[in-house]
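Asks: Data: query17.txt, compact mmCIF, C-alpha atoms.
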```
# COMPACT_ATOMS: atom_id res chain seq x y z
CA MET N 1398 -65.16 -56.77 131.81
CA LYS N 1399 -61.52 -57.30 132.54
CA LYS N 1400 -62.36 -59.49 135.55
CA LEU N 1401 -64.64 -61.70 133.44
CA SER N 1402 -61.98 -62.02 130.76
CA ALA N 1403 -59.38 -63.15 133.31
CA ARG N 1404 -61.62 -65.99 134.46
CA ARG N 1405 -62.45 -67.18 130.97
CA ARG N 1406 -60.84 -70.64 130.21
CA HIS N 1407 -59.38 -71.83 126.94
CA PRO N 1408 -61.87 -74.01 125.02
CA LEU N 1409 -59.45 -77.00 125.09
CA ALA N 1410 -58.76 -76.79 128.83
CA ALA N 1411 -61.44 -79.33 129.74
CA VAL N 1412 -60.07 -81.75 127.16
CA VAL N 1413 -56.54 -81.40 128.53
CA VAL N 1414 -57.74 -82.02 132.10
CA LEU N 1415 -59.64 -85.10 130.96
CA LEU N 1416 -56.60 -86.49 129.15
CA PHE N 1417 -54.43 -85.95 132.22
CA ALA N 1418 -57.02 -87.76 134.36
CA LEU N 1419 -57.16 -90.70 131.96
CA ALA N 1420 -53.37 -90.85 131.79
CA ALA N 1421 -53.13 -90.83 135.56
CA THR N 1422 -55.73 -93.58 135.84
CA GLY N 1423 -54.01 -95.66 133.16
CA GLY N 1424 -50.67 -95.14 134.81
CA LEU N 1425 -51.99 -96.30 138.15
CA TYR N 1426 -53.53 -99.38 136.52
CA THR N 1427 -50.31 -100.15 134.69
CA ALA N 1428 -48.31 -99.71 137.85
CA PHE N 1429 -50.47 -101.77 140.18
CA ALA N 1430 -52.87 -104.12 138.33
CA PRO N 1431 -50.37 -106.28 136.41
CA ALA N 1432 -48.11 -106.48 139.44
CA SER N 1433 -51.05 -107.61 141.57
CA LYS N 1434 -52.05 -110.19 138.97
CA ALA N 1435 -48.49 -111.51 138.67
CA LYS N 1436 -48.18 -111.63 142.45
CA ALA N 1437 -51.44 -113.58 142.71
CA GLU N 1438 -50.25 -116.07 140.08
CA ASP N 1439 -46.92 -116.50 141.86
CA THR N 1440 -48.72 -117.08 145.15
CA ALA N 1441 -51.02 -119.67 143.59
CA GLN N 1442 -48.06 -121.46 142.00
CA SER N 1443 -46.17 -121.44 145.29
CA LEU N 1444 -49.16 -122.98 147.05
CA THR N 1445 -49.43 -125.66 144.34
CA ILE N 1446 -45.73 -126.50 144.70
CA GLU N 1447 -46.04 -126.64 148.49
CA GLU N 1448 -49.02 -128.99 148.31
CA GLY N 1449 -47.09 -131.12 145.83
CA ARG N 1450 -44.12 -131.25 148.18
CA LYS N 1451 -46.36 -132.54 150.97
CA LEU N 1452 -47.73 -135.28 148.70
CA TYR N 1453 -44.21 -136.11 147.56
CA LEU N 1454 -42.86 -136.51 151.09
CA VAL N 1455 -45.64 -138.97 151.93
CA GLY N 1456 -45.75 -141.04 148.75
CA CYS N 1457 -42.42 -140.67 146.92
CA ALA N 1458 -39.57 -139.58 149.21
CA SER N 1459 -38.87 -143.06 150.60
CA CYS N 1460 -37.53 -144.14 147.20
CA HIS N 1461 -36.53 -140.89 145.49
CA GLY N 1462 -35.10 -138.99 148.48
CA THR N 1463 -36.51 -136.08 150.43
CA GLY N 1464 -35.28 -133.59 147.83
CA GLY N 1465 -35.78 -135.72 144.72
CA GLN N 1466 -32.06 -136.47 144.56
CA GLY N 1467 -32.63 -140.22 144.23
CA THR N 1468 -31.59 -143.22 146.33
CA THR N 1469 -30.57 -146.81 145.72
CA ASP N 1470 -34.29 -147.62 145.41
CA GLY N 1471 -35.22 -144.88 142.93
CA PRO N 1472 -33.60 -142.53 140.41
CA SER N 1473 -33.16 -138.78 140.78
CA LEU N 1474 -36.17 -136.74 139.72
CA VAL N 1475 -34.27 -133.49 139.25
CA GLY N 1476 -34.85 -132.35 135.67
CA VAL N 1477 -37.36 -135.04 134.65
CA GLY N 1478 -40.06 -132.38 134.29
CA ALA N 1479 -43.79 -132.24 134.89
CA ALA N 1480 -44.57 -134.48 131.90
CA ALA N 1481 -42.73 -137.42 133.45
CA VAL N 1482 -44.73 -137.09 136.66
CA ASP N 1483 -48.02 -136.78 134.79
CA PHE N 1484 -47.22 -139.96 132.86
CA GLN N 1485 -45.86 -142.10 135.68
CA VAL N 1486 -48.44 -141.11 138.30
CA GLY N 1487 -51.28 -140.71 135.81
CA THR N 1488 -50.88 -144.32 134.61
CA GLY N 1489 -50.56 -145.72 138.13
CA ARG N 1490 -46.96 -146.82 137.68
CA MET N 1491 -45.96 -144.53 140.51
CA PRO N 1492 -45.88 -144.84 143.42
CA ALA N 1493 -44.45 -148.30 142.71
CA GLN N 1494 -45.44 -151.24 144.87
CA GLN N 1495 -41.84 -152.46 144.80
CA PRO N 1496 -38.69 -151.86 142.73
CA GLY N 1497 -38.24 -154.11 139.72
CA ALA N 1498 -37.03 -154.43 136.16
CA GLN N 1499 -40.35 -153.06 134.91
CA ILE N 1500 -43.03 -151.15 136.78
CA PRO N 1501 -46.42 -152.18 135.33
CA ARG N 1502 -49.44 -150.01 134.80
CA LYS N 1503 -51.98 -150.22 137.63
CA LYS N 1504 -54.86 -148.38 139.24
CA VAL N 1505 -54.26 -144.63 139.67
CA ILE N 1506 -54.34 -143.58 143.34
CA TYR N 1507 -54.10 -139.78 142.93
CA ASN N 1508 -56.69 -137.52 141.34
CA GLN N 1509 -55.67 -135.13 138.56
CA ALA N 1510 -55.43 -132.11 140.87
CA GLU N 1511 -52.97 -133.99 143.11
CA ILE N 1512 -51.01 -135.17 140.08
CA ASP N 1513 -50.75 -131.56 138.92
CA GLN N 1514 -49.44 -130.56 142.35
CA LEU N 1515 -46.83 -133.33 142.33
CA ALA N 1516 -45.82 -132.36 138.80
CA ALA N 1517 -45.44 -128.69 139.82
CA TYR N 1518 -43.20 -129.64 142.73
CA ILE N 1519 -40.95 -131.91 140.65
CA ALA N 1520 -40.77 -129.26 137.91
CA SER N 1521 -39.55 -126.78 140.52
CA LEU N 1522 -36.52 -129.00 141.19
CA GLY N 1523 -35.14 -128.58 137.68
CA ALA N 1524 -36.21 -127.77 134.12
CA GLY N 1525 -37.71 -130.60 132.11
CA PRO N 1526 -40.50 -131.40 129.61
CA ASN N 1527 -43.82 -129.73 130.38
CA VAL N 1528 -47.20 -131.47 130.28
CA PRO N 1529 -48.38 -131.19 126.66
CA THR N 1530 -51.48 -129.27 125.70
CA ALA N 1531 -54.51 -130.92 124.10
CA ASN N 1532 -53.57 -129.38 120.76
CA GLN N 1533 -50.12 -130.98 120.87
CA TYR N 1534 -51.34 -134.56 121.21
CA SER N 1535 -54.59 -134.29 119.25
CA PRO N 1536 -54.43 -136.45 116.08
CA GLU N 1537 -56.68 -134.00 114.22
CA GLY N 1538 -55.08 -133.05 110.92
CA ALA N 1539 -52.17 -135.47 111.41
CA ASP N 1540 -50.81 -137.85 108.74
CA ALA N 1541 -51.47 -141.42 109.94
CA ALA N 1542 -49.55 -142.95 107.01
CA LYS N 1543 -46.45 -140.92 107.89
CA GLY N 1544 -46.99 -141.87 111.53
CA GLY N 1545 -46.94 -145.52 110.53
CA GLU N 1546 -43.57 -145.08 108.85
CA LEU N 1547 -42.17 -143.31 111.90
CA PHE N 1548 -43.60 -145.90 114.29
CA ARG N 1549 -42.18 -148.84 112.35
CA THR N 1550 -38.79 -147.14 112.22
CA ASN N 1551 -38.54 -146.01 115.84
CA CYS N 1552 -40.97 -148.06 117.94
CA ALA N 1553 -42.02 -151.35 116.31
CA GLN N 1554 -38.89 -153.28 117.32
CA CYS N 1555 -40.12 -153.13 120.92
CA HIS N 1556 -43.86 -152.40 120.78
CA ASN N 1557 -44.68 -154.54 117.72
CA PHE N 1558 -45.77 -152.91 114.48
CA THR N 1559 -49.31 -152.21 115.74
CA GLY N 1560 -48.34 -151.31 119.31
CA LYS N 1561 -49.38 -154.60 120.94
CA GLY N 1562 -46.20 -154.72 123.02
CA GLY N 1563 -43.52 -157.36 123.36
CA ALA N 1564 -40.97 -159.00 125.63
CA LEU N 1565 -37.49 -157.53 126.19
CA THR N 1566 -34.49 -158.84 128.14
CA HIS N 1567 -34.04 -159.45 131.88
CA GLY N 1568 -37.73 -159.30 132.79
CA LYS N 1569 -38.39 -156.08 130.89
CA PHE N 1570 -41.18 -155.61 128.37
CA ALA N 1571 -42.64 -153.02 126.03
CA PRO N 1572 -46.25 -152.44 127.13
CA ASN N 1573 -49.32 -152.76 124.98
CA LEU N 1574 -50.35 -149.31 123.71
CA THR N 1575 -53.99 -150.22 123.12
CA GLY N 1576 -56.22 -148.08 125.32
CA VAL N 1577 -53.44 -145.70 126.36
CA SER N 1578 -54.52 -142.06 126.18
CA ASN N 1579 -53.02 -139.82 123.51
CA LYS N 1580 -51.61 -137.53 126.19
CA HIS N 1581 -49.72 -140.36 127.88
CA ILE N 1582 -48.36 -141.63 124.55
CA TYR N 1583 -47.07 -138.13 123.79
CA GLU N 1584 -45.54 -137.85 127.28
CA ALA N 1585 -43.87 -141.24 126.91
CA MET N 1586 -42.20 -140.06 123.71
CA GLN N 1587 -41.16 -136.84 125.45
CA THR N 1588 -39.70 -138.41 128.59
CA GLY N 1589 -38.68 -141.99 127.77
CA PRO N 1590 -40.14 -143.80 130.80
CA GLN N 1591 -38.26 -146.75 132.31
CA ASN N 1592 -36.64 -148.78 129.48
CA MET N 1593 -37.90 -146.60 126.64
CA PRO N 1594 -35.59 -144.02 125.01
CA SER N 1595 -36.81 -140.44 124.91
CA PHE N 1596 -37.67 -138.70 121.65
CA PRO N 1597 -37.32 -134.93 122.15
CA ASP N 1598 -38.38 -132.53 119.44
CA THR N 1599 -34.87 -132.66 117.98
CA LEU N 1600 -35.49 -136.34 117.10
CA LEU N 1601 -39.26 -136.45 116.61
CA THR N 1602 -40.91 -133.10 116.09
CA GLU N 1603 -44.29 -132.22 117.59
CA LYS N 1604 -45.83 -132.96 114.17
CA ASN N 1605 -44.10 -136.36 114.08
CA LYS N 1606 -45.52 -137.25 117.48
CA LYS N 1607 -49.01 -136.26 116.36
CA ASP N 1608 -48.59 -138.45 113.25
CA ILE N 1609 -47.59 -141.46 115.38
CA ILE N 1610 -50.58 -140.94 117.67
CA ALA N 1611 -52.85 -140.74 114.60
CA TYR N 1612 -51.40 -144.03 113.33
CA LEU N 1613 -52.00 -145.80 116.64
CA ASP N 1614 -55.54 -144.46 116.71
CA ALA N 1615 -56.06 -145.77 113.18
CA VAL N 1616 -54.82 -149.32 113.85
CA ASN N 1617 -56.19 -149.73 117.39
CA GLY N 1618 -59.27 -147.53 117.44
CA ASP N 1619 -62.77 -148.74 118.26
CA GLU N 1620 -63.79 -148.50 114.61
CA THR N 1621 -60.71 -150.26 113.23
CA THR N 1622 -61.48 -153.21 110.95
CA THR N 1623 -59.24 -156.13 109.94
CA PRO N 1624 -59.75 -156.81 106.21
CA GLY N 1625 -57.57 -159.93 106.37
CA GLY N 1626 -59.77 -161.67 108.92
CA MET N 1627 -58.43 -162.89 112.27
CA ASP N 1628 -55.55 -160.63 113.31
CA LEU N 1629 -54.17 -163.09 115.92
CA GLY N 1630 -53.63 -160.25 118.35
CA GLY N 1631 -51.75 -158.19 115.80
CA LEU N 1632 -48.51 -159.75 117.01
CA GLY N 1633 -47.06 -160.31 113.56
CA PRO N 1634 -45.20 -163.19 111.87
CA VAL N 1635 -44.23 -165.04 115.08
CA THR N 1636 -47.84 -165.62 116.06
CA GLU N 1637 -48.86 -166.32 112.47
CA GLY N 1638 -46.02 -168.84 112.11
CA LEU N 1639 -46.97 -170.55 115.36
CA PHE N 1640 -50.58 -170.72 114.18
CA ALA N 1641 -49.43 -172.33 110.92
CA TRP N 1642 -47.26 -174.88 112.70
CA ILE N 1643 -49.89 -175.92 115.24
CA PHE N 1644 -52.95 -176.02 112.99
CA GLY N 1645 -51.20 -176.70 109.70
CA LEU N 1646 -49.12 -179.61 110.97
CA GLY N 1647 -52.07 -180.77 113.05
CA ALA N 1648 -54.20 -180.92 109.95
CA LEU N 1649 -51.47 -182.81 108.05
CA VAL N 1650 -51.10 -185.34 110.88
CA ALA N 1651 -54.87 -185.83 110.97
CA VAL N 1652 -54.95 -186.40 107.20
CA ALA N 1653 -52.03 -188.86 107.43
CA VAL N 1654 -53.79 -190.84 110.19
CA TRP N 1655 -56.99 -190.90 108.17
CA VAL N 1656 -55.17 -192.11 105.04
CA ALA N 1657 -53.32 -194.80 107.00
CA ALA N 1658 -56.56 -196.00 108.59
CA ARG N 1659 -58.30 -196.13 105.23
CA THR N 1660 -55.37 -198.00 103.68
CA ALA N 1661 -55.28 -200.58 106.51
CA LYS N 1662 -59.03 -201.07 106.23
CA ALA N 1663 -58.77 -201.54 102.48
CA LYS N 1664 -56.04 -204.19 102.87
CA LYS N 1665 -58.09 -206.16 105.39
CA SER N 1666 -61.06 -206.22 103.11
```
The structure in this file should be written as structure tokens.

Replies:
Amino acid sequence: MKKLSARRRHPLAAVVVLLFALAATGGLYTAFAPASKAKAEDTAQSLTIEEGRKLYLVGCASCHGTGGQGTTDGPSLVGVGAAAVDFQVGTGRMPAQQPGAQIPRKKVIYNQAEIDQLAAYIASLGAGPNVPTANQYSPEGADAAKGGELFRTNCAQCHNFTGKGGALTHGKFAPNLTGVSNKHIYEAMQTGPQNMPSFPDTLLTEKNKKDIIAYLDAVNGDETTTPGGMDLGGLGPVTEGLFAWIFGLGALVAVAVWVAARTAKAKKS
């Protein structure tokens, strides 16, 4: 009886052993799984940056330098951020065909995966604006009326009050914003491409940028109507004044000629 009593276990012994086993398993997972996941993510990011560097050396280094430091043919890219690359390359402005006062939009030569790789490499050179998320540039829930006020205050002097673009000095111009994706408009405000000033969140908040995008969607969208009739390209009073001078004065001249002809005919008769 004594021998059997010595071998008898406490009723909670099995529970304690189970808890120790679970703790050991959880500890091993905590020690190894997150580290492995983080290591895998770091490896993937390093590969993305390396692929971006290869693309950069082929398509960008001749103007911007082998390390992005800039040359006489192109500015430094250190600190411009991934958003600037996504905008410039994603709209076909870069790589540029040749240096100039204004680099126009053209056909995109890289696919989105390659653009992401280039952006990752440039971002690794120095901190800068990140590529915005879909939620950041979505106009859903934004205030288009407020966006109109902000656009007329900050953008209309170059882009025209409906975003149709306009001429600047020394061969520069503000491009037409019709048909430009919401993401690229947001990135342009973030980074200030070429002759455009940048509008960081300290000047225009994320909500402000969404409001401006909502306004541009409202005035240039596929379902936008023009209650006043012919909008003359939406270029404002200059175009409307020119229209008035050409057709208005033309009509007056035509009436004057008709009256003179009628008067001369009446005198002869």

Asks: List every protein, DNA or RNA residue that has at least one atom no more than 8 Å from (-50.4, -153.6, 128.2) in the file's coordinates, counting only C-alpha atoms, and write the result as a list in words.

Replies: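 Collected hits near the coordinates: Arg1502, Lys1561, Gly1562, Pro1572, Asn1573, Leu1574 and Thr1575 of chain N.
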
Asks: Build an axis-aligned box that encloses every atom of stretch 1529-1539 of chain N listed in the file, pad it by 4 Å on each side, and report its centre and edge lengths in Å to one decimal, as lines of an AutoDock Vina configuration file.

Replies:
```
center_x = -52.5
center_y = -132.9
center_z = 118.8
size_x = 16.3
size_y = 15.2
size_z = 23.7
```

Asks: List as a list in words the protein and nucleic acid residues near N:Thr1530, meaning an atom at most 12 Å away when all atoms listed in the file are counted, but skip any in the same chain fewer than 6 places from it.

Replies: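 That gives Ala1480, Asn1579, Lys1580, His1581, Tyr1583, Glu1584, Glu1603 and Lys1607 of chain N.
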
Asks: Quick one: everything within 9 Å of N:Phe1548, counting all atoms listed in the file, minus sequence neighbours fewer than 5 positions away in the same chain. Send it as a compact mmCIF listing (two decimals) with C-alpha atoms, in the frame of the given file.

Replies:
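Written out: result.txt:
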```txt
# COMPACT_ATOMS: atom_id res chain seq x y z
CA LYS N 1543 -46.45 -140.92 107.89
CA ALA N 1553 -42.02 -151.35 116.31
CA PHE N 1558 -45.77 -152.91 114.48
CA THR N 1559 -49.31 -152.21 115.74
CA GLY N 1560 -48.34 -151.31 119.31
CA ILE N 1609 -47.59 -141.46 115.38
CA TYR N 1612 -51.40 -144.03 113.33
CA LEU N 1613 -52.00 -145.80 116.64
```

Asks: Could you check which residues have any atom within 8 Å of (-35.9, -134.1, 125.5), counting only C-alpha atoms with coordinates taken straight from the file, and then list them as a PyMOL selection string?

Replies: chain N and resi 1525-1526+1587-1588+1595-1599

Asks: Can you tell me how far atom CA of N:Ala1611 sits from atom CA of N:Glu1537, in Å to one decimal?

Replies: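 The value is 7.8 Å.
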
Asks: For atom CA of N:Val1477 and atom CA of N:His1461, determine how far apart the two atoms are, in Å to one decimal place.

Replies: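 Pair atom CA of N:Val1477 / atom CA of N:His1461 returns 12.3 Å.
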
Asks: How far is it from atom CA of N:Ile1500 to atom CA of N:Gly1563, in Å with one decimal?

Replies: 14.8 Å

Asks: Please determine, counting all atoms listed in the file, which residue among N:Gly1489, N:Gly1449, N:Gly1462, N:Gly1538 has the shortest atom-to-atom distance to N:Val1505.

Replies: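 For N:Val1505, the nearest of the candidates is N:Gly1489.
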
Asks: Between N:Val1486, N:Ala1663, N:Lys1503, N:Ala1516, single out the one closest to N:Gln1442, counting only C-alpha atoms.

Replies: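 Of the candidates, the smallest distance to N:Gln1442 is held by N:Ala1516.
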
Asks: I need the residue nearest N:Leu1474 from this list: N:Gly1589, N:Gly1576, N:Gly1523, N:Pro1529. Use all atoms listed in the file for the distance.

Replies: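 Looking only at the distances to N:Leu1474, the closest residue turns out to be N:Gly1523.
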
Asks: Counting only C-alpha atoms, figure out which residue out of N:Ser1433, N:Ser1578, N:Thr1440, N:Thr1445 gets nearest to N:Pro1536.

Replies: N:Ser1578

Asks: N:Ala1657, N:Ala1648, N:Leu1515, N:Ala1481: which is nearest N:Val1455, counting all atoms listed in the file?

Replies: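 Using all atoms listed in the file, N:Val1455 sits closest to N:Leu1515.
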
Asks: Excluding N:Met1593 and its own-chain neighbours fewer than 3 positions away, which residues fall within 12 Å of it when counting only C-alpha atoms? Please give them as a PyMOL selection string.

Replies: chain N and resi 1499+1551-1552+1554-1556+1565+1569-1572+1582+1584-1590+1596

Asks: Closest to N:Thr1468 among N:Pro1496, N:Val1654, N:Asp1614, N:Ala1542, using only C-alpha atoms?

Replies: N:Pro1496
